[in-house]
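Reproduced below: my_file_12.tsv, with TSV, C-alpha atoms.
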chain	number	residue	atom	x	y	z
A	256	MET	CA	217.36	-123.84	-105.68
A	257	LYS	CA	218.67	-123.23	-109.20
A	258	SER	CA	221.11	-120.33	-109.28
A	259	ILE	CA	220.76	-120.13	-113.08
A	260	TRP	CA	217.42	-120.72	-114.78
A	261	THR	CA	217.43	-122.19	-118.29
A	262	GLU	CA	214.59	-122.67	-120.78
A	263	GLN	CA	214.53	-123.59	-124.43
A	264	PHE	CA	212.19	-121.92	-126.89
A	265	ILE	CA	211.42	-122.20	-130.57
A	266	VAL	CA	211.21	-118.81	-132.27
A	267	ARG	CA	207.62	-118.57	-133.48
A	268	SER	CA	206.25	-116.78	-136.53
A	269	TRP	CA	204.87	-113.97	-134.35
A	270	ASP	CA	208.33	-113.37	-132.83
A	271	VAL	CA	209.94	-112.19	-136.07
A	272	ASP	CA	209.55	-109.28	-138.47
A	273	ARG	CA	209.04	-109.47	-142.23
A	274	ASN	CA	212.79	-110.01	-142.67
A	275	ASN	CA	212.52	-113.13	-140.49
A	276	ARG	CA	214.52	-111.68	-137.58
A	277	LEU	CA	213.58	-111.57	-133.92
A	278	SER	CA	211.98	-108.25	-133.00
A	279	PRO	CA	213.13	-106.22	-129.97
A	280	ALA	CA	209.72	-106.67	-128.31
A	281	SER	CA	209.97	-110.44	-128.67
A	282	LEU	CA	213.39	-110.36	-127.04
A	283	PHE	CA	211.86	-108.59	-124.03
A	284	ASN	CA	209.05	-111.16	-123.96
A	285	PHE	CA	211.55	-114.01	-123.66
A	286	PHE	CA	213.41	-112.23	-120.89
A	287	GLN	CA	210.28	-111.50	-118.86
A	288	GLU	CA	209.06	-115.10	-119.22
A	289	VAL	CA	212.20	-116.67	-117.76
A	290	ALA	CA	212.51	-114.00	-115.07
A	291	GLY	CA	209.02	-114.75	-113.76
A	292	ASN	CA	209.58	-118.50	-113.86
A	293	HIS	CA	212.89	-118.28	-112.03
A	294	ALA	CA	211.50	-115.94	-109.36
A	295	THR	CA	208.73	-118.47	-108.71
A	296	GLU	CA	211.23	-121.31	-108.41
A	297	LEU	CA	213.28	-119.25	-105.96
A	298	GLY	CA	210.20	-118.60	-103.79
A	299	VAL	CA	210.02	-114.87	-104.58
A	300	GLY	CA	207.54	-114.96	-107.44
A	301	LYS	CA	204.30	-113.07	-107.98
A	302	ASP	CA	202.00	-115.26	-105.86
A	303	ALA	CA	204.45	-115.54	-102.96
A	304	LEU	CA	204.90	-111.78	-102.80
A	305	LEU	CA	201.18	-111.04	-103.04
A	306	ARG	CA	200.65	-112.94	-99.79
A	307	GLY	CA	202.74	-110.22	-98.16
A	308	ASN	CA	201.09	-107.44	-100.17
A	309	GLN	CA	204.28	-106.90	-102.14
A	310	ALA	CA	205.28	-107.01	-105.80
A	311	TRP	CA	208.28	-106.75	-108.06
A	312	VAL	CA	208.16	-103.75	-110.41
A	313	LEU	CA	210.51	-103.60	-113.38
A	314	SER	CA	212.25	-100.23	-113.28
A	315	ARG	CA	215.10	-100.41	-115.80
A	316	MET	CA	216.19	-102.76	-118.55
A	317	THR	CA	219.04	-103.05	-121.03
A	318	ALA	CA	219.10	-105.57	-123.88
A	319	LEU	CA	221.91	-106.25	-126.34
A	320	MET	CA	221.31	-108.23	-129.53
A	321	TYR	CA	224.34	-109.58	-131.43
A	322	ARG	CA	222.42	-111.72	-133.90
A	323	ARG	CA	218.68	-111.79	-134.50
A	324	PRO	CA	217.46	-115.41	-134.83
A	325	GLY	CA	214.78	-116.40	-137.29
A	326	TRP	CA	211.59	-118.44	-137.38
A	327	GLN	CA	211.82	-122.00	-136.01
A	328	GLU	CA	215.30	-121.53	-134.56
A	329	MET	CA	215.82	-123.20	-131.20
A	330	ILE	CA	217.24	-120.83	-128.60
A	331	THR	CA	218.27	-121.29	-124.97
A	332	VAL	CA	217.30	-118.39	-122.69
A	333	ARG	CA	219.01	-118.11	-119.31
A	334	THR	CA	218.59	-115.78	-116.34
A	335	TRP	CA	220.15	-115.38	-112.92
A	336	PRO	CA	220.00	-112.92	-109.98
A	337	ARG	CA	222.96	-110.61	-109.48
A	338	GLY	CA	222.42	-109.23	-106.00
A	339	THR	CA	221.35	-105.66	-105.30
A	340	GLU	CA	222.35	-102.07	-106.03
A	341	LYS	CA	220.78	-99.68	-103.53
A	342	LEU	CA	217.01	-100.21	-103.88
A	343	PHE	CA	217.31	-102.35	-107.01
A	344	ALA	CA	217.41	-106.11	-107.31
A	345	ILE	CA	219.52	-106.92	-110.35
A	346	ARG	CA	218.83	-109.78	-112.76
A	347	ASP	CA	220.89	-110.72	-115.82
A	348	TYR	CA	220.05	-112.73	-118.95
A	349	ASP	CA	221.53	-114.24	-122.06
A	350	ILE	CA	220.40	-116.19	-125.12
A	351	ILE	CA	222.45	-118.96	-126.70
A	352	ASP	CA	221.75	-120.26	-130.20
A	353	GLY	CA	221.92	-123.81	-131.52
A	354	PHE	CA	225.63	-123.44	-132.29
A	355	GLY	CA	226.47	-122.45	-128.71
A	356	ALA	CA	227.02	-118.78	-129.50
A	357	THR	CA	225.74	-116.02	-127.21
A	358	ILE	CA	223.45	-113.92	-129.39
A	359	ALA	CA	221.83	-111.66	-126.76
A	360	GLN	CA	222.41	-110.38	-123.24
A	361	GLY	CA	220.36	-108.37	-120.81
A	362	ARG	CA	220.30	-106.72	-117.41
A	363	SER	CA	217.24	-105.60	-115.46
A	364	ALA	CA	216.71	-103.63	-112.25
A	365	TRP	CA	213.62	-104.35	-110.12
A	366	LEU	CA	211.99	-102.53	-107.23
A	367	LEU	CA	210.28	-104.37	-104.41
A	368	VAL	CA	207.10	-102.39	-103.73
A	369	ASP	CA	204.67	-102.33	-100.81
A	370	LEU	CA	201.32	-102.48	-102.60
A	371	GLU	CA	199.41	-100.86	-99.74
A	372	LYS	CA	201.72	-97.91	-99.15
A	373	LEU	CA	202.92	-97.78	-102.79
A	374	ARG	CA	206.53	-97.25	-101.80
A	375	PRO	CA	209.72	-99.22	-102.45
A	376	LEU	CA	211.15	-101.58	-99.84
A	377	ARG	CA	214.69	-102.79	-99.29
A	378	PRO	CA	215.00	-105.78	-101.66
A	379	GLN	CA	217.63	-107.36	-99.44
A	380	VAL	CA	214.86	-108.81	-97.22
A	381	LEU	CA	214.19	-111.20	-100.11
A	382	THR	CA	217.46	-111.34	-102.04
A	383	GLU	CA	219.91	-111.97	-99.20
A	384	LYS	CA	219.11	-115.69	-99.34
A	385	LEU	CA	219.35	-115.90	-103.14
A	386	PRO	CA	222.43	-116.70	-105.23
A	387	THR	CA	224.32	-113.65	-106.48
A	388	ASN	CA	226.33	-115.19	-109.35
A	389	THR	CA	229.09	-112.62	-108.96
A	390	ASP	CA	231.20	-114.35	-111.63
A	391	MET	CA	228.53	-113.97	-114.34
A	392	PRO	CA	228.00	-110.32	-115.30
A	393	ALA	CA	226.02	-109.89	-118.52
A	394	ILE	CA	226.12	-106.13	-119.19
A	395	SER	CA	228.25	-104.38	-116.60
A	396	ASP	CA	226.89	-100.91	-117.43
A	397	GLY	CA	223.29	-102.03	-118.02
A	398	ALA	CA	220.04	-100.92	-116.40
A	399	GLY	CA	221.26	-97.38	-115.73
A	400	ALA	CA	219.32	-94.15	-115.38
A	401	LEU	CA	218.58	-92.31	-118.63
A	402	SER	CA	218.68	-88.53	-118.76
A	403	ALA	CA	215.79	-86.50	-120.12
A	404	ARG	CA	216.44	-85.35	-123.69
A	405	THR	CA	215.42	-81.85	-124.71
A	406	LYS	CA	215.46	-82.14	-128.52
A	407	LEU	CA	212.67	-84.62	-129.07
A	408	GLU	CA	209.84	-84.18	-131.55
A	409	PRO	CA	206.19	-85.29	-131.23
A	410	ALA	CA	205.67	-88.78	-132.65
A	411	GLY	CA	201.95	-89.33	-132.06
A	412	SER	CA	200.14	-90.87	-129.13
A	413	ARG	CA	198.93	-94.26	-127.89
A	414	ARG	CA	195.97	-95.19	-125.74
A	415	ALA	CA	196.48	-98.17	-123.48
A	416	ALA	CA	194.04	-100.69	-124.94
A	417	TYR	CA	193.01	-104.27	-124.15
A	418	SER	CA	196.01	-105.98	-125.79
A	419	ASP	CA	198.50	-103.73	-123.97
A	420	ILE	CA	197.40	-104.68	-120.44
A	421	ASP	CA	198.87	-107.63	-118.53
A	422	TYR	CA	197.65	-109.50	-115.44
A	423	ASN	CA	199.03	-106.75	-113.20
A	424	GLY	CA	196.47	-104.35	-114.65
A	425	HIS	CA	198.88	-102.03	-116.45
A	426	VAL	CA	200.77	-101.86	-119.74
A	427	ASN	CA	203.17	-104.80	-119.99
A	428	ASN	CA	206.89	-103.98	-120.10
A	429	ALA	CA	207.37	-105.57	-123.53
A	430	ARG	CA	204.43	-103.61	-124.90
A	431	TYR	CA	206.39	-100.39	-124.40
A	432	ILE	CA	208.96	-101.87	-126.77
A	433	GLN	CA	206.28	-102.47	-129.39
A	434	TRP	CA	205.30	-98.82	-129.12
A	435	ILE	CA	208.94	-97.84	-129.58
A	436	GLN	CA	209.26	-100.08	-132.65
A	437	ASP	CA	206.20	-98.48	-134.20
A	438	MET	CA	207.52	-94.94	-133.63
A	439	LEU	CA	210.49	-95.60	-135.90
A	440	ASP	CA	210.66	-95.63	-139.66
A	441	GLU	CA	210.58	-99.30	-140.69
A	442	ARG	CA	213.98	-98.89	-142.31
A	443	VAL	CA	215.76	-98.50	-138.97
A	444	LEU	CA	215.13	-101.97	-137.59
A	445	GLU	CA	215.04	-103.63	-141.00
A	446	GLU	CA	218.64	-102.52	-141.62
A	447	SER	CA	219.91	-103.30	-138.11
A	448	ASN	CA	221.56	-106.64	-137.38
A	449	HIS	CA	222.66	-105.52	-133.92
A	450	PHE	CA	221.08	-103.23	-131.38
A	451	ARG	CA	221.24	-102.07	-127.80
A	452	LEU	CA	218.01	-100.93	-126.19
A	453	ASP	CA	217.90	-99.20	-122.80
A	454	ILE	CA	214.60	-98.31	-121.14
A	455	ASN	CA	213.54	-96.73	-117.84
A	456	TYR	CA	209.98	-97.44	-116.69
A	457	LEU	CA	209.09	-94.29	-114.76
A	458	ALA	CA	205.34	-94.51	-114.12
A	459	GLU	CA	202.76	-97.19	-114.77
A	460	ILE	CA	200.25	-96.80	-117.58
A	461	ARG	CA	196.72	-97.91	-116.72
A	462	PRO	CA	193.93	-99.03	-119.09
A	463	GLN	CA	192.55	-96.28	-121.33
A	464	GLU	CA	195.24	-93.78	-120.40
A	465	THR	CA	196.70	-91.85	-123.32
A	466	ILE	CA	200.44	-91.36	-123.71
A	467	SER	CA	202.07	-88.73	-125.93
A	468	LEU	CA	205.14	-90.10	-127.70
A	469	TRP	CA	208.36	-88.24	-128.42
A	470	LEU	CA	211.31	-89.18	-130.64
A	471	GLY	CA	214.75	-87.79	-131.40
A	472	SER	CA	217.17	-88.92	-134.13
A	473	ALA	CA	220.95	-89.15	-134.12
A	474	ASP	CA	221.26	-85.72	-135.71
A	475	GLU	CA	219.89	-84.18	-132.52
A	476	LEU	CA	221.81	-86.57	-130.25
A	477	ASP	CA	225.40	-86.26	-131.44
A	478	GLN	CA	226.77	-86.39	-127.92
A	479	THR	CA	224.78	-89.52	-127.18
A	480	VAL	CA	226.06	-91.22	-130.34
A	481	ASN	CA	229.65	-90.49	-129.34
A	482	GLU	CA	229.03	-91.85	-125.86
A	483	THR	CA	227.63	-95.12	-127.21
A	484	ARG	CA	230.92	-96.10	-128.75
A	485	LEU	CA	232.21	-96.63	-125.23
A	486	PHE	CA	229.79	-99.42	-124.36
A	487	ALA	CA	228.12	-100.80	-127.49
A	488	PRO	CA	230.11	-103.86	-128.70
A	489	PHE	CA	229.46	-102.99	-132.35
A	490	GLU	CA	229.79	-99.96	-134.59
A	491	VAL	CA	226.86	-97.68	-133.86
A	492	THR	CA	225.31	-96.35	-137.06
A	493	GLU	CA	222.17	-94.77	-135.60
A	494	CYS	CA	220.97	-93.65	-132.20
A	495	TRP	CA	217.40	-92.80	-131.22
A	496	ALA	CA	215.87	-91.49	-128.01
A	497	PHE	CA	212.23	-91.91	-126.94
A	498	GLU	CA	209.93	-90.63	-124.24
A	499	GLY	CA	206.32	-91.27	-123.35
A	500	LYS	CA	204.33	-88.81	-121.25
A	501	HIS	CA	200.90	-88.97	-119.67
A	502	THR	CA	198.83	-86.47	-121.63
A	503	ASP	CA	196.84	-85.33	-118.60
A	504	SER	CA	199.78	-84.62	-116.28
A	505	GLU	CA	202.85	-84.48	-118.57
A	506	GLN	CA	204.46	-86.98	-116.19
A	507	SER	CA	207.05	-89.14	-117.94
A	508	ALA	CA	205.95	-92.77	-118.20
A	509	PHE	CA	209.14	-94.04	-119.85
A	510	ARG	CA	212.42	-93.03	-121.45
A	511	ALA	CA	214.39	-95.19	-123.84
A	512	GLU	CA	217.43	-95.12	-126.10
A	513	LEU	CA	218.13	-97.39	-129.07
A	514	ARG	CA	221.53	-97.83	-130.67
A	515	CYS	CA	221.68	-99.75	-133.94
A	516	GLY	CA	224.46	-101.31	-135.97
A	517	ALA	CA	224.44	-102.81	-139.44

Kindly transcribe the structure held in the file into structure tokens.
Amino acid sequence: MKSIWTEQFIVRSWDVDRNNRLSPASLFNFFQEVAGNHATELGVGKDALLRGNQAWVLSRMTALMYRRPGWQEMITVRTWPRGTEKLFAIRDYDIIDGFGATIAQGRSAWLLVDLEKLRPLRPQVLTEKLPTNTDMPAISDGAGALSARTKLEPAGSRRAAYSDIDYNGHVNNARYIQWIQDMLDERVLEESNHFRLDINYLAEIRPQETISLWLGSADELDQTVNETRLFAPFEVTECWAFEGKHTDSEQSAFRAELRCGA
């Protein structure tokens, strides 16, 4: 049983933007890949859980990027379980570049769900036998609950199409990040060398469902910008909040906040 899972990747052309820097969505893709592989190695992966009619559902995620690697860079992506917090199983991540520097960190919170009753279970039934790596916190305040923001403006809509859906039959967690990227003016991410992205996944999005998108800038989120200086390890120059709602029910599908630094 490996307490820390390590994989090496080469940054591909489709992982970077036109400035040759890793995109936020690609960062989430790397994190989800190693998380799934490690869960399988630990005996609590997708196939093992399905035999008991259970599944892991990603509920919250925080990612910090200190340097955005470019095309053909070799990176080492690591992940490890961090025990539980109430109903959440916590998993941390980091990325190390070819010079040995930590260029990204992450924390995720997962729910263990009974697929028949569609309700969360105590994750300790699976995690109590797993390593907890108490001496390796990545983002101590990560994967927290995000408050609803009242001063958001309409930013269009998205219909969950073929390329959005993963093998679980709903929109993939990294796809939400692509939607968030596309809501912003291109300038925001093009001018950002560092960022912190927090997201809460509140309700699944099924094929063909339409989501209304909402966006708020730093001007409407002054209090949030001030708060970020407490836990973003860089000077925050812009802060953005996002929400996606099911158009038929107005139920929130996700909330997210992005803090950028030059």

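Of the listed residues (A:Gly353, A:Gly424, A:Gly307, A:Gly411), A:Gly411 comes nearest to Thr465 of chain A; the distances count all atoms listed in the file.
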
What lies within 6 Å of segment 270-284 of chain A using only C-alpha atoms, ignoring chain neighbours under 3 positions off, as a PyMOL selection string?
chain A and resi 267+287+323-325+429+432-433

When you count only C-alpha atoms, which of these residues is closest to Asn388 of chain A: A:Ile259, A:Leu376, A:Ala496, A:Ser472?
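Of A:Ile259, A:Leu376, A:Ala496, A:Ser472, the one nearest Asn388 of chain A is A:Ile259, counting only C-alpha atoms.
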
Per residue of segment 352-422 of chain A within 12 Å of segment 436-452 of chain A, record the nearest atom pair and its distance in Å to one decimal, counting only C-alpha atoms, with rows in chain order and ascending residue number, as a Markdown table.
| residue | atom | partner | partner_atom | distance |
| --- | --- | --- | --- | --- |
| A:Ile358 | CA | A:His449 | CA | 9.6 |
| A:Ala359 | CA | A:His449 | CA | 9.5 |
| A:Gln360 | CA | A:Arg451 | CA | 9.6 |
| A:Gly361 | CA | A:Arg451 | CA | 9.5 |
| A:Arg362 | CA | A:Leu452 | CA | 10.8 |
| A:Ser363 | CA | A:Leu452 | CA | 11.7 |
| A:Ile394 | CA | A:Arg451 | CA | 10.7 |
| A:Asp396 | CA | A:Arg451 | CA | 11.9 |
| A:Gly397 | CA | A:Leu452 | CA | 9.8 |
| A:Ala398 | CA | A:Leu452 | CA | 10.0 |
| A:Gly399 | CA | A:Leu452 | CA | 11.5 |
| A:Leu401 | CA | A:Leu452 | CA | 11.5 |
| A:Glu408 | CA | A:Met438 | CA | 11.2 |
| A:Pro409 | CA | A:Met438 | CA | 10.0 |
| A:Ala410 | CA | A:Met438 | CA | 6.5 |
| A:Gly411 | CA | A:Met438 | CA | 8.1 |
| A:Ser412 | CA | A:Met438 | CA | 9.6 |
| A:Arg413 | CA | A:Met438 | CA | 10.4 |

Using all atoms listed in the file, which of A:Pro386, A:Gly300, A:Pro488, A:Pro462 sits nearest Leu367 of chain A?
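Looking only at the distances to Leu367 of chain A, the closest residue turns out to be A:Gly300.
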
Kindly give the distance, in Å, that separates atom CA of Ser467 of chain A and atom CA of Glu288 of chain A, rounded to a single decimal.
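Atom-to-atom, atom CA of Ser467 of chain A to atom CA of Glu288 of chain A, that is 28.1 Å.
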
Between atom CA of Phe286 of chain A and atom CA of Leu407 of chain A, distance in Å (one decimal):
28.8 Å

Test item: residues at most 9 Å from segment 293-297 of chain A, all atoms listed in the file, excluding those fewer than 5 positions along its chain, as an mmCIF file with C-alpha atoms, keeping the file's coordinate frame:
data_model
loop_
_atom_site.group_PDB
_atom_site.id
_atom_site.type_symbol
_atom_site.label_atom_id
_atom_site.label_comp_id
_atom_site.auth_asym_id
_atom_site.auth_seq_id
_atom_site.Cartn_x
_atom_site.Cartn_y
_atom_site.Cartn_z
ATOM 1 C CA MET A 256 217.360 -123.840 -105.680
ATOM 2 C CA LYS A 257 218.670 -123.230 -109.200
ATOM 3 C CA SER A 258 221.110 -120.330 -109.280
ATOM 4 C CA ILE A 259 220.760 -120.130 -113.080
ATOM 5 C CA TRP A 260 217.420 -120.720 -114.780
ATOM 6 C CA THR A 261 217.430 -122.190 -118.290
ATOM 7 C CA GLU A 288 209.060 -115.100 -119.220
ATOM 8 C CA ASP A 302 202.000 -115.260 -105.860
ATOM 9 C CA ALA A 303 204.450 -115.540 -102.960
ATOM 10 C CA THR A 334 218.590 -115.780 -116.340
ATOM 11 C CA TRP A 335 220.150 -115.380 -112.920
ATOM 12 C CA LEU A 385 219.350 -115.900 -103.140
#

Selection: 9 Å around Glu464 of chain A, all atoms listed in the file, excl. self and same-chain fewer than 5 positions, as a PyMOL selection string
chain A and resi 413-416+501-503

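Considering all atoms listed in the file, the residue among A:Asp369, A:Glu512, A:Asp352, A:Glu340 positioned nearest to Phe264 of chain A is A:Asp352.
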
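The gap separating atom CA of Trp269 of chain A from atom CA of Ile350 of chain A is 18.2 Å, in Å to one decimal.
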
For Asp421 of chain A, list every protein, DNA or RNA residue within 12 Å, evaluated using all atoms listed in the file, and leave out those in the same chain fewer than 6 positions away; present the list as an NGL selection string.
:A and (415 or 427-431 or 459-462)

Residues of the last selection are to be written out with C-alpha atoms, as a PDB file, in the coordinates of the input.
ATOM      1  CA  ALA A 415     196.480 -98.170-123.480  1.00  0.00           C
ATOM      2  CA  ASN A 427     203.170-104.800-119.990  1.00  0.00           C
ATOM      3  CA  ASN A 428     206.890-103.980-120.100  1.00  0.00           C
ATOM      4  CA  ALA A 429     207.370-105.570-123.530  1.00  0.00           C
ATOM      5  CA  ARG A 430     204.430-103.610-124.900  1.00  0.00           C
ATOM      6  CA  TYR A 431     206.390-100.390-124.400  1.00  0.00           C
ATOM      7  CA  GLU A 459     202.760 -97.190-114.770  1.00  0.00           C
ATOM      8  CA  ILE A 460     200.250 -96.800-117.580  1.00  0.00           C
ATOM      9  CA  ARG A 461     196.720 -97.910-116.720  1.00  0.00           C
ATOM     10  CA  PRO A 462     193.930 -99.030-119.090  1.00  0.00           C
TER      11      PRO A 462
END

Pick the closest to Trp469 of chain A from A:Thr492, A:Thr405, A:Ser418, A:Thr317: which is it, counting all atoms listed in the file?
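Between A:Thr492, A:Thr405, A:Ser418, A:Thr317, the residue approaching Trp469 of chain A most closely is A:Thr405.
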